[in-house]
$ cat structure.txt   # compact mmCIF, C-alpha atoms and all ligand atoms
# COMPACT_ATOMS: atom_id res chain seq x y z
CA MET A 23 110.94 212.64 48.63
CA LEU A 24 111.45 212.61 52.39
CA GLU A 25 108.20 210.70 52.89
CA ARG A 26 109.16 208.18 50.23
CA ILE A 27 112.57 207.60 51.82
CA ARG A 28 111.19 207.38 55.37
CA ALA A 29 108.51 204.90 54.27
CA GLU A 30 111.11 202.67 52.70
CA ILE A 31 113.38 202.85 55.76
CA ALA A 32 110.45 201.99 58.05
CA ALA A 33 109.42 199.06 55.83
CA ALA A 34 113.01 197.80 55.94
CA GLY A 35 113.02 197.84 59.77
CA GLY A 36 114.67 201.22 60.40
CA TRP A 37 117.78 201.08 58.22
CA ILE A 38 118.68 201.07 54.52
CA SER A 39 122.08 200.94 52.88
CA PHE A 40 123.57 204.21 51.72
CA ALA A 41 123.53 202.84 48.15
CA ARG A 42 119.75 202.47 48.33
CA TYR A 43 119.40 205.94 49.84
CA MET A 44 121.52 207.44 47.02
CA GLU A 45 119.50 205.53 44.43
CA LEU A 46 116.25 206.99 45.81
CA ALA A 47 117.58 210.52 46.31
CA LEU A 48 118.92 210.69 42.75
CA HIS A 49 116.73 208.43 40.67
CA ALA A 50 113.34 207.69 42.35
CA PRO A 51 110.81 208.25 39.55
CA GLY A 52 109.33 211.74 39.70
CA LEU A 53 111.10 212.62 42.98
CA GLY A 54 114.83 211.95 42.68
CA TYR A 55 117.26 214.72 41.83
CA TYR A 56 117.79 213.59 38.23
CA ALA A 57 114.26 212.28 37.77
CA ARG A 58 112.63 215.61 38.64
CA GLY A 59 114.40 217.47 35.88
CA ALA A 60 115.24 220.45 38.04
CA ARG A 61 117.48 222.79 36.13
CA GLN A 62 120.65 221.21 37.46
CA PHE A 63 122.98 222.29 34.71
CA GLY A 64 124.78 225.49 33.79
CA ALA A 65 125.21 228.92 35.29
CA GLU A 66 121.74 228.93 36.88
CA GLY A 67 122.00 225.37 38.15
CA ASP A 68 123.89 223.37 40.76
CA PHE A 69 127.06 222.49 38.85
CA VAL A 70 128.72 222.91 35.48
CA THR A 71 130.00 219.98 33.41
CA ALA A 72 132.58 220.19 30.62
CA PRO A 73 129.98 220.26 27.79
CA GLU A 74 128.05 222.96 29.65
CA LEU A 75 131.03 225.31 29.66
CA GLY A 76 130.79 225.75 25.90
CA SER A 77 131.59 223.86 22.71
CA LEU A 78 135.36 223.49 23.16
CA PHE A 79 135.17 220.11 24.91
CA GLY A 80 132.86 218.62 22.26
CA ARG A 81 134.75 220.08 19.32
CA THR A 82 137.98 218.59 20.67
CA LEU A 83 136.42 215.21 21.50
CA ALA A 84 135.13 215.13 17.90
CA HIS A 85 138.75 214.77 16.69
CA GLN A 86 138.94 211.50 18.59
CA LEU A 87 135.57 210.33 17.26
CA ARG A 88 136.60 210.89 13.64
CA GLU A 89 139.21 208.18 14.14
CA LEU A 90 136.51 205.64 15.00
CA ASP A 91 133.65 204.27 12.90
CA GLY A 92 129.98 203.81 13.55
CA PRO A 93 127.16 205.53 15.37
CA ILE A 94 127.51 207.31 18.70
CA LEU A 95 125.62 206.24 21.80
CA GLU A 96 125.69 208.80 24.58
CA LEU A 97 124.74 207.69 28.09
CA GLY A 98 123.18 210.28 30.42
CA ALA A 99 123.15 213.25 28.06
CA GLY A 100 122.12 215.89 30.63
CA SER A 101 120.91 219.03 28.88
CA GLY A 102 121.94 217.66 25.46
CA ALA A 103 124.84 220.12 25.12
CA LEU A 104 127.48 217.55 24.13
CA ALA A 105 125.20 215.90 21.58
CA GLU A 106 124.46 219.28 20.03
CA THR A 107 128.15 220.09 19.58
CA LEU A 108 129.16 216.63 18.37
CA LEU A 109 126.38 216.57 15.78
CA GLN A 110 127.72 219.83 14.33
CA GLU A 111 131.17 218.25 14.06
CA VAL A 112 130.62 214.69 12.89
CA GLU A 113 127.93 213.23 10.68
CA ARG A 114 126.81 210.16 12.58
CA GLU A 115 123.74 208.41 13.75
CA TYR A 116 123.35 209.53 17.37
CA PHE A 117 121.61 207.54 20.08
CA ILE A 118 120.93 208.62 23.66
CA LEU A 119 120.23 206.37 26.63
CA GLU A 120 118.89 208.57 29.43
CA THR A 121 117.40 207.18 32.65
CA SER A 122 115.65 210.42 33.64
CA ALA A 123 112.33 210.97 31.84
CA ALA A 124 112.49 214.71 32.55
CA LEU A 125 115.99 215.10 31.12
CA ARG A 126 115.08 212.98 28.14
CA ALA A 127 112.20 215.38 27.38
CA ARG A 128 114.62 218.27 27.66
CA GLN A 129 117.08 216.57 25.29
CA GLN A 130 114.29 215.83 22.85
CA ALA A 131 113.19 219.48 22.83
CA ARG A 132 116.75 220.63 22.15
CA LEU A 133 117.87 218.03 19.63
CA GLY A 134 114.64 216.95 17.92
CA SER A 135 114.96 214.40 15.16
CA LYS A 136 118.78 214.60 15.10
CA VAL A 137 118.95 211.93 17.81
CA GLN A 138 117.22 208.67 18.59
CA PHE A 139 116.36 207.63 22.13
CA VAL A 140 116.81 204.09 23.40
CA ASP A 141 115.45 202.64 26.64
CA ARG A 142 118.14 200.06 27.17
CA LEU A 143 121.59 199.19 25.92
CA PRO A 144 121.36 197.76 22.40
CA SER A 145 122.55 194.24 21.81
CA ARG A 146 125.53 193.96 19.42
CA PHE A 147 126.27 197.68 19.25
CA ARG A 148 129.04 198.64 16.81
CA GLY A 149 130.24 202.19 17.36
CA VAL A 150 131.30 204.59 20.09
CA ILE A 151 129.77 204.90 23.56
CA ILE A 152 130.35 208.09 25.58
CA ALA A 153 129.54 208.68 29.25
CA ASN A 154 130.53 212.07 30.63
CA GLU A 155 129.90 212.47 34.37
CA VAL A 156 127.57 209.49 34.49
CA ALA A 157 129.67 207.00 36.48
CA ASP A 158 129.83 209.38 39.47
CA ALA A 159 126.02 209.23 39.78
CA ILE A 160 125.94 205.44 40.17
CA PRO A 161 124.94 204.68 43.78
CA VAL A 162 127.85 203.63 46.01
CA HIS A 163 127.99 201.65 49.23
CA ALA A 164 129.47 203.50 52.21
CA VAL A 165 131.98 201.52 54.26
CA ALA A 166 133.82 202.09 57.54
CA TRP A 167 136.92 200.18 58.58
CA ARG A 168 136.82 200.19 62.41
CA ALA A 169 138.99 198.61 65.09
CA GLY A 170 136.16 196.09 65.64
CA GLY A 171 135.79 195.16 61.97
CA ILE A 172 134.43 196.30 58.63
CA MET A 173 131.07 198.09 58.84
CA GLU A 174 128.51 199.12 56.24
CA ARG A 175 127.26 202.69 56.75
CA GLY A 176 123.55 203.08 56.20
CA VAL A 177 120.73 205.50 56.88
CA THR A 178 118.06 205.65 59.64
CA SER A 179 114.57 207.25 59.49
CA GLU A 180 116.00 210.40 61.08
CA LEU A 181 118.34 210.57 58.09
CA LYS A 182 121.36 209.85 60.22
CA TRP A 183 124.28 207.53 59.58
CA ALA A 184 124.18 204.13 61.34
CA GLU A 185 126.58 201.24 60.93
CA LYS A 186 126.06 197.49 60.65
CA PRO A 187 128.65 194.77 60.11
CA ALA A 188 129.33 194.51 56.38
CA ASN A 189 128.67 191.21 54.67
CA GLY A 190 128.64 189.43 51.32
CA GLU A 191 130.21 191.00 48.25
CA LEU A 192 130.69 194.33 50.03
CA LEU A 193 132.69 192.72 52.83
CA ASP A 194 134.82 190.79 50.33
CA SER A 195 135.53 193.97 48.35
CA ALA A 196 136.32 195.97 51.50
CA ARG A 197 138.67 193.26 52.80
CA ALA A 198 140.62 193.39 49.55
CA LEU A 199 141.52 197.05 50.17
CA ASP A 200 144.54 197.96 52.23
CA VAL A 201 143.52 200.97 54.35
CA PRO A 202 144.52 202.23 57.80
CA VAL A 203 141.95 201.99 60.64
CA PRO A 204 139.79 204.01 61.27
CA TYR A 205 138.88 204.79 57.66
CA GLU A 206 135.71 205.64 55.74
CA SER A 207 135.16 205.42 52.01
CA GLU A 208 132.89 204.24 49.23
CA ILE A 209 132.77 201.06 47.19
CA ASN A 210 130.85 201.05 43.94
CA LEU A 211 129.61 197.49 43.45
CA ALA A 212 127.12 198.60 40.78
CA ALA A 213 129.79 200.27 38.61
CA SER A 214 131.35 196.90 37.83
CA GLY A 215 127.93 195.54 36.83
CA TRP A 216 127.42 198.64 34.67
CA MET A 217 130.72 197.99 32.91
CA ARG A 218 129.79 194.34 32.39
CA SER A 219 126.52 195.36 30.74
CA LEU A 220 128.34 197.86 28.50
CA ALA A 221 130.78 195.11 27.54
CA ALA A 222 127.93 192.74 26.76
CA SER A 223 126.37 195.37 24.51
CA LEU A 224 129.50 196.36 22.60
CA GLU A 225 130.28 194.06 19.70
CA HIS A 226 132.87 196.36 18.14
CA GLY A 227 134.12 199.82 19.03
CA ALA A 228 135.12 201.94 21.99
CA ILE A 229 133.64 203.24 25.23
CA PHE A 230 134.85 206.56 26.69
CA ILE A 231 134.19 207.12 30.37
CA ILE A 232 135.00 210.64 31.49
CA ASP A 233 134.69 211.60 35.12
CA TYR A 234 136.44 212.72 38.27
CA GLY A 235 138.25 209.97 40.05
CA PHE A 236 141.46 208.09 40.64
CA PRO A 237 143.18 204.76 40.23
CA ARG A 238 142.64 202.51 43.23
CA HIS A 239 145.88 203.31 45.10
CA GLU A 240 145.02 207.02 45.08
CA TYR A 241 141.32 206.50 45.78
CA TYR A 242 141.96 204.49 48.92
CA HIS A 243 144.98 206.56 49.93
CA PRO A 244 145.64 206.69 53.71
CA GLN A 245 145.08 210.45 53.65
CA ARG A 246 141.65 210.19 52.00
CA SER A 247 140.21 208.73 55.19
CA MET A 248 136.84 210.49 54.87
CA GLY A 249 135.94 209.10 51.45
CA THR A 250 134.88 211.02 48.36
CA LEU A 251 131.15 211.71 48.77
CA MET A 252 130.27 215.13 47.45
CA CYS A 253 127.01 217.02 47.15
CA HIS A 254 126.29 219.95 44.89
CA THR A 255 123.69 222.61 45.19
CA ARG A 256 123.82 226.06 43.60
CA HIS A 257 127.54 225.79 42.85
CA ARG A 258 128.30 224.97 46.46
CA ALA A 259 129.98 221.65 47.20
CA HIS A 260 129.59 220.05 50.62
CA GLY A 261 129.64 216.64 52.28
CA ASP A 262 126.14 216.20 53.75
CA PRO A 263 124.11 213.76 51.62
CA PHE A 264 121.08 214.10 53.91
CA LEU A 265 120.45 217.78 53.23
CA HIS A 266 117.31 218.26 51.08
CA PRO A 267 117.18 214.81 49.46
CA GLY A 268 115.99 215.07 45.86
CA GLU A 269 117.11 218.67 45.61
CA GLN A 270 120.86 218.23 45.53
CA ASP A 271 123.27 216.12 43.55
CA ILE A 272 125.09 213.34 45.44
CA THR A 273 128.22 211.90 43.87
CA ALA A 274 131.25 209.80 44.62
CA HIS A 275 134.55 209.85 42.78
CA VAL A 276 135.12 207.02 40.33
CA ASP A 277 137.49 204.12 41.06
CA PHE A 278 138.92 203.78 37.56
CA SER A 279 140.89 200.65 38.50
CA ALA A 280 137.62 198.88 39.32
CA LEU A 281 136.09 199.92 35.98
CA ALA A 282 139.18 198.78 34.06
CA ALA A 283 139.24 195.45 35.92
CA ALA A 284 135.55 194.84 35.18
CA ALA A 285 136.17 195.70 31.52
CA ARG A 286 139.08 193.27 31.28
CA GLU A 287 137.07 190.52 32.98
CA ALA A 288 134.41 191.06 30.34
CA GLU A 289 137.09 190.66 27.66
CA LEU A 290 137.31 194.29 26.62
CA ASP A 291 140.71 195.86 25.95
CA VAL A 292 141.83 198.90 27.90
CA LEU A 293 142.56 201.34 25.07
CA GLY A 294 143.82 204.20 27.20
CA TYR A 295 143.66 206.13 30.43
CA ALA A 296 144.78 209.73 30.85
CA THR A 297 143.96 212.96 32.62
CA GLN A 298 141.35 215.07 30.86
CA ALA A 299 143.99 217.75 30.18
CA GLN A 300 146.36 215.26 28.53
CA PHE A 301 143.55 213.69 26.54
CA LEU A 302 142.26 217.04 25.23
CA VAL A 303 145.78 218.23 24.37
CA ASN A 304 146.40 214.97 22.49
CA CYS A 305 143.11 215.48 20.64
CA GLY A 306 144.24 218.94 19.52
CA ILE A 307 142.49 221.39 21.83
CA THR A 308 145.18 223.98 21.05
CA GLU A 309 144.42 223.71 17.30
CA VAL A 310 140.71 224.17 18.02
CA LEU A 311 141.58 227.25 20.07
CA SER A 312 143.88 228.63 17.40
CA GLN A 313 140.99 228.64 14.93
CA VAL A 314 139.32 231.24 17.11
CA ASN A 315 140.17 234.79 16.19
CA ALA A 316 142.29 236.06 19.09
CA GLU A 317 141.96 239.65 17.83
CA ASN A 318 138.30 239.63 18.77
CA ALA A 319 138.63 239.77 22.56
CA LEU A 320 134.89 239.58 23.14
CA HIS A 321 134.80 236.26 21.37
CA TYR A 322 138.18 234.92 22.46
CA ALA A 323 138.10 235.65 26.20
CA PRO A 324 135.28 233.21 27.09
CA ILE A 325 136.84 230.44 25.01
CA ALA A 326 140.23 230.99 26.62
CA ALA A 327 138.52 230.84 30.03
CA GLU A 328 136.83 227.61 28.99
CA ALA A 329 140.16 226.09 27.97
CA GLN A 330 141.61 227.15 31.31
CA GLN A 331 138.80 225.40 33.17
CA LEU A 332 139.08 222.20 31.12
CA LEU A 333 142.88 221.99 31.33
CA SER A 334 144.08 223.62 34.54
CA PRO A 335 145.29 221.20 37.24
CA ALA A 336 143.47 223.42 39.74
CA GLU A 337 140.16 222.96 37.87
CA MET A 338 139.14 219.91 35.82
CA GLY A 339 142.44 219.09 34.09
CA GLU A 340 143.91 216.56 36.51
CA LEU A 341 141.04 215.38 38.70
CA PHE A 342 139.01 214.40 35.63
CA LYS A 343 140.18 211.34 33.74
CA VAL A 344 139.32 209.66 30.48
CA LEU A 345 139.19 205.86 30.37
CA ALA A 346 138.66 204.17 27.01
CA VAL A 347 137.92 200.46 26.69
CA GLY A 348 136.83 198.60 23.62
CA ARG A 349 136.72 195.63 21.34
CA GLY A 350 138.36 195.18 17.93
CA VAL A 351 139.96 198.65 18.04
CA LYS A 352 143.69 199.04 17.55
CA PRO A 353 145.47 201.37 19.99
CA PRO A 354 147.00 203.91 20.15
CA LEU A 355 144.01 206.21 19.95
CA LEU A 356 144.66 209.89 19.28
CA GLY A 357 143.62 210.95 22.79
CA PHE A 358 146.21 208.69 24.39
CA SER A 359 149.14 209.29 22.04
CA ARG A 360 151.11 210.88 24.91
CA GLY A 361 150.98 210.59 28.69
CA GLU A 362 148.91 207.40 28.64
CA ARG A 363 148.71 206.05 32.20
CA SER A 364 146.82 202.77 32.16
CA HIS A 365 149.80 201.17 33.94
CA THR A 366 148.66 203.04 37.08
CA LEU A 367 145.24 201.35 37.11
C1 LIG B 401 125.92 214.78 36.05
S1 LIG B 401 124.80 214.50 34.74
C2 LIG B 401 125.88 214.65 33.34
C3 LIG B 401 125.17 215.06 32.09
C4 LIG B 401 125.99 215.23 30.82
N1 LIG B 401 126.64 214.00 30.42
C5 LIG B 401 126.99 216.35 30.99
O1 LIG B 401 128.19 216.06 30.98
O2 LIG B 401 126.58 217.50 31.12
C6 LIG B 401 124.42 212.78 34.83
C7 LIG B 401 123.48 212.31 33.73
O3 LIG B 401 123.44 210.89 33.69
C8 LIG B 401 122.09 210.43 33.76
N2 LIG B 401 122.19 209.08 34.34
C9 LIG B 401 122.43 208.74 35.62
N3 LIG B 401 122.58 207.40 35.74
C10 LIG B 401 122.47 206.89 34.48
C11 LIG B 401 122.55 205.58 33.92
N4 LIG B 401 122.77 204.51 34.70
N5 LIG B 401 122.39 205.43 32.57
C12 LIG B 401 122.16 206.51 31.78
N6 LIG B 401 122.07 207.76 32.27
C13 LIG B 401 122.23 207.96 33.58
C14 LIG B 401 121.40 211.53 34.51
O4 LIG B 401 120.01 211.53 34.36
C15 LIG B 401 122.06 212.76 33.86
O5 LIG B 401 121.55 213.03 32.59
$ encode --input "structure.txt" --output "structure tokens" --more "lines below"
Ligand SMILES: C[S@@+](CC[C@H](N)C(=O)[O-])C[C@H]1O[C@@H](n2cnc3c(N)ncnc32)[C@H](O)[C@@H]1O
Amino acid sequence: MLERIRAEIAAAGGWISFARYMELALHAPGLGYYARGARQFGAEGDFVTAPELGSLFGRTLAHQLRELDGPILELGAGSGALAETLLQEVEREYFILETSAALRARQQARLGSKVQFVDRLPSRFRGVIIANEVADAIPVHAVAWRAGGIMERGVTSELKWAEKPANGELLDSARALDVPVPYESEINLAASGWMRSLAASLEHGAIFIIDYGFPRHEYYHPQRSMGTLMCHTRHRAHGDPFLHPGEQDITAHVDFSALAAAAREAELDVLGYATQAQFLVNCGITEVLSQVNAENALHYAPIAAEAQQLLSPAEMGELFKVLAVGRGVKPPLLGFSRGERSHTL
């Protein structure tokens, strides 16, 4: 991985953008963190996602899906845990679009003929698209607002940060943000393109994007002056994206305002935006919990702990958000029946 990155930096004259570095470190075929199919997920891995905690997340999300028609298309299905739970709950055609060949093989082994794999977004899809913790893996540009002007932060062959004056679309996007100087953060130009391609694919239905992130005014808050880059290895989170490239996850928080704006520009409706806790409560997580026999402590304790992790403001409850956009679907959706906050986007 290191050789591959260094070769590309040398060929580019000694510097590449951070977005390109992140793209290589995560997705370079056969070498990138996701492409290698290391066992990233679960207790033995580097991080735990909501579907990896257990089935509570999927069983609750299924209540929302029952309100909507058509097949399900899951983007970036990881270990296949969410698909497995959802398929037990709802009888639907289930498609997966997975960019990592290694993870796709893992999903195939787990789910077999219950799912169909697609290589690209279908044209004229009618149904429900789900992306849990996918948007945070889209490569971001790193930007610094300095006294001398707006700089793009990139990477040298020694895997060190180096800055160049920002230009083009990145400069325009950075100028539009009101931040104090000095300030460092990320701008995800590709996320808007991703949303545009989802919009072009969706003829009718809804798209649920679930991830950690904020609306723009919180993302680019004066106090968040060091940005949101985060790396995960063996359940340890840290801020050095140059440590063991290809062997650790690199993520940035999601700017949900940018995703909503791109969706609206592509003529999708914003159907709802809420914290994960509010969304899951609206979808009836407490009813799902109450079906579990509380007398049987051995069975109940792990599920109660799972609920705590999904809902607690100190864990995933508030940092994680659910954004739903769509076409031809009438709000309000179940998951946004209370505490809907799209006015903050
Ligand atoms: C952090 S994992 C989340 C996996 C799973 N959704 C979960 O919640 O456990 C990110 C997943 O998205 C995939 N991925 C990354 N970028 C993608 C893209 N542009 N389209 C589809 N999948 C993508 C990765 O290979 C991986 O499966």
$ residues_near_ligand --input "structure.txt" --ligand "ligand LIG 401 (chain B)" --cutoff "6 Å" --atoms "all atoms listed in the file" --output "ChimeraX atom specification"
/A:56,71,73-74,97-100,119-122,154-156,159-160
$ atom_distance --input "structure.txt" --atom1 "CA of Ala164 in chain A" --atom2 "CA of Pro187 in chain A"
11.8 Å
$ atom_distance --input "structure.txt" --atom1 "CA of Arg175 in chain A" --atom2 "CA of Gly54 in chain A"
20.9 Å
$ closest_residue --input "structure.txt" --among "A:Arg128, A:Arg238, A:Arg146, A:Arg258" --to "Arg61 in chain A" --atoms "all atoms listed in the file"
A:Arg128
$ residues_around --input "structure.txt" --residues "Ser39 in chain A" --least-positions-apart "2" --cutoff "9 Å" --atoms "only C-alpha atoms" --output "VMD selection string"
chain A and resid 37 41 to 44 163 to 164 174 to 177
$ atom_distance --input "structure.txt" --atom1 "CA of Leu367 in chain A" --atom2 "CA of Ala153 in chain A"
19.0 Å
$ closest_residue --input "structure.txt" --among "A:Ala47, A:Leu24, A:Ala316, A:Val137" --to "Gln270 in chain A" --atoms "all atoms listed in the file"
A:Ala47
$ closest_residue --input "structure.txt" --among "A:Ala32, A:Ile38, A:Leu53, A:Ala228" --to "His266 in chain A" --atoms "only C-alpha atoms"
A:Leu53
$ closest_residue --input "structure.txt" --among "A:Ala299, A:Ala33, A:Leu199, A:Ala105" --to "Leu332 in chain A" --atoms "all atoms listed in the file"
A:Ala299
$ residues_around --input "structure.txt" --residues "Gly80 in chain A" --least-positions-apart "5" --cutoff "7 Å" --atoms "all atoms listed in the file" --output "ChimeraX atom specification"
/A:73,104,107-108
$ closest_residue --input "structure.txt" --among "A:Arg246, A:His365, A:Lys182, A:Arg58" --to "Ala282 in chain A" --atoms "all atoms listed in the file"
A:His365
$ residues_around --input "structure.txt" --residues "Leu46 in chain A" --least-positions-apart "4" --cutoff "10 Å" --atoms "all atoms listed in the file" --output "list in words"
Met23, Leu24, Arg26, Ile27, Glu30, Phe40, Ala41, Arg42, Ala50, Pro51, Leu53, Gly54, Tyr55, Ala57, Pro161, Pro267 and Gly268 of chain A
$ closest_residue --input "structure.txt" --among "A:Gly215, A:Gly306, A:Gly36, A:Gly67" --to "His257 in chain A" --atoms "only C-alpha atoms"
A:Gly67
$ residues_around --input "structure.txt" --residues "Ser135 in chain A" --least-positions-apart "6" --cutoff "12 Å" --atoms "all atoms listed in the file" --output "list in words"
Glu106, Leu109, Glu115, Tyr116, Phe117, Ile118 and Gln129 of chain A
$ residues_near_point --input "structure.txt" --point "(131.2, 192.7, 23.4)" --cutoff "12 Å" --atoms "all atoms listed in the file" --output "PyMOL selection string"
chain A and resi 143-149+217-229+285-291+347-351
$ closest_atom_pairs --input "structure.txt" --of "range 180-278 of chain A" --to "range 335-345 of chain A" --cutoff "9 Å" --atoms "only C-alpha atoms" --output "tab-separated table"
residue	atom	partner	partner_atom	distance
A:Ile229	CA	A:Leu345	CA	8.0
A:Phe230	CA	A:Leu345	CA	5.7
A:Ile231	CA	A:Leu345	CA	5.2
A:Ile232	CA	A:Val344	CA	4.5
A:Asp233	CA	A:Phe342	CA	5.2
A:Tyr234	CA	A:Phe342	CA	4.0
A:Gly235	CA	A:Leu341	CA	6.2
A:Phe236	CA	A:Leu341	CA	7.6
A:Phe278	CA	A:Leu345	CA	7.5
$ axis_aligned_box --input "structure.txt" --around "range 243-249 of chain A" --padding-each-side "5 Å" --output "AutoDock Vina command-line options"
--center_x 140.8 --center_y 208.5 --center_z 52.6 --size_x 19.7 --size_y 13.9 --size_z 15.3
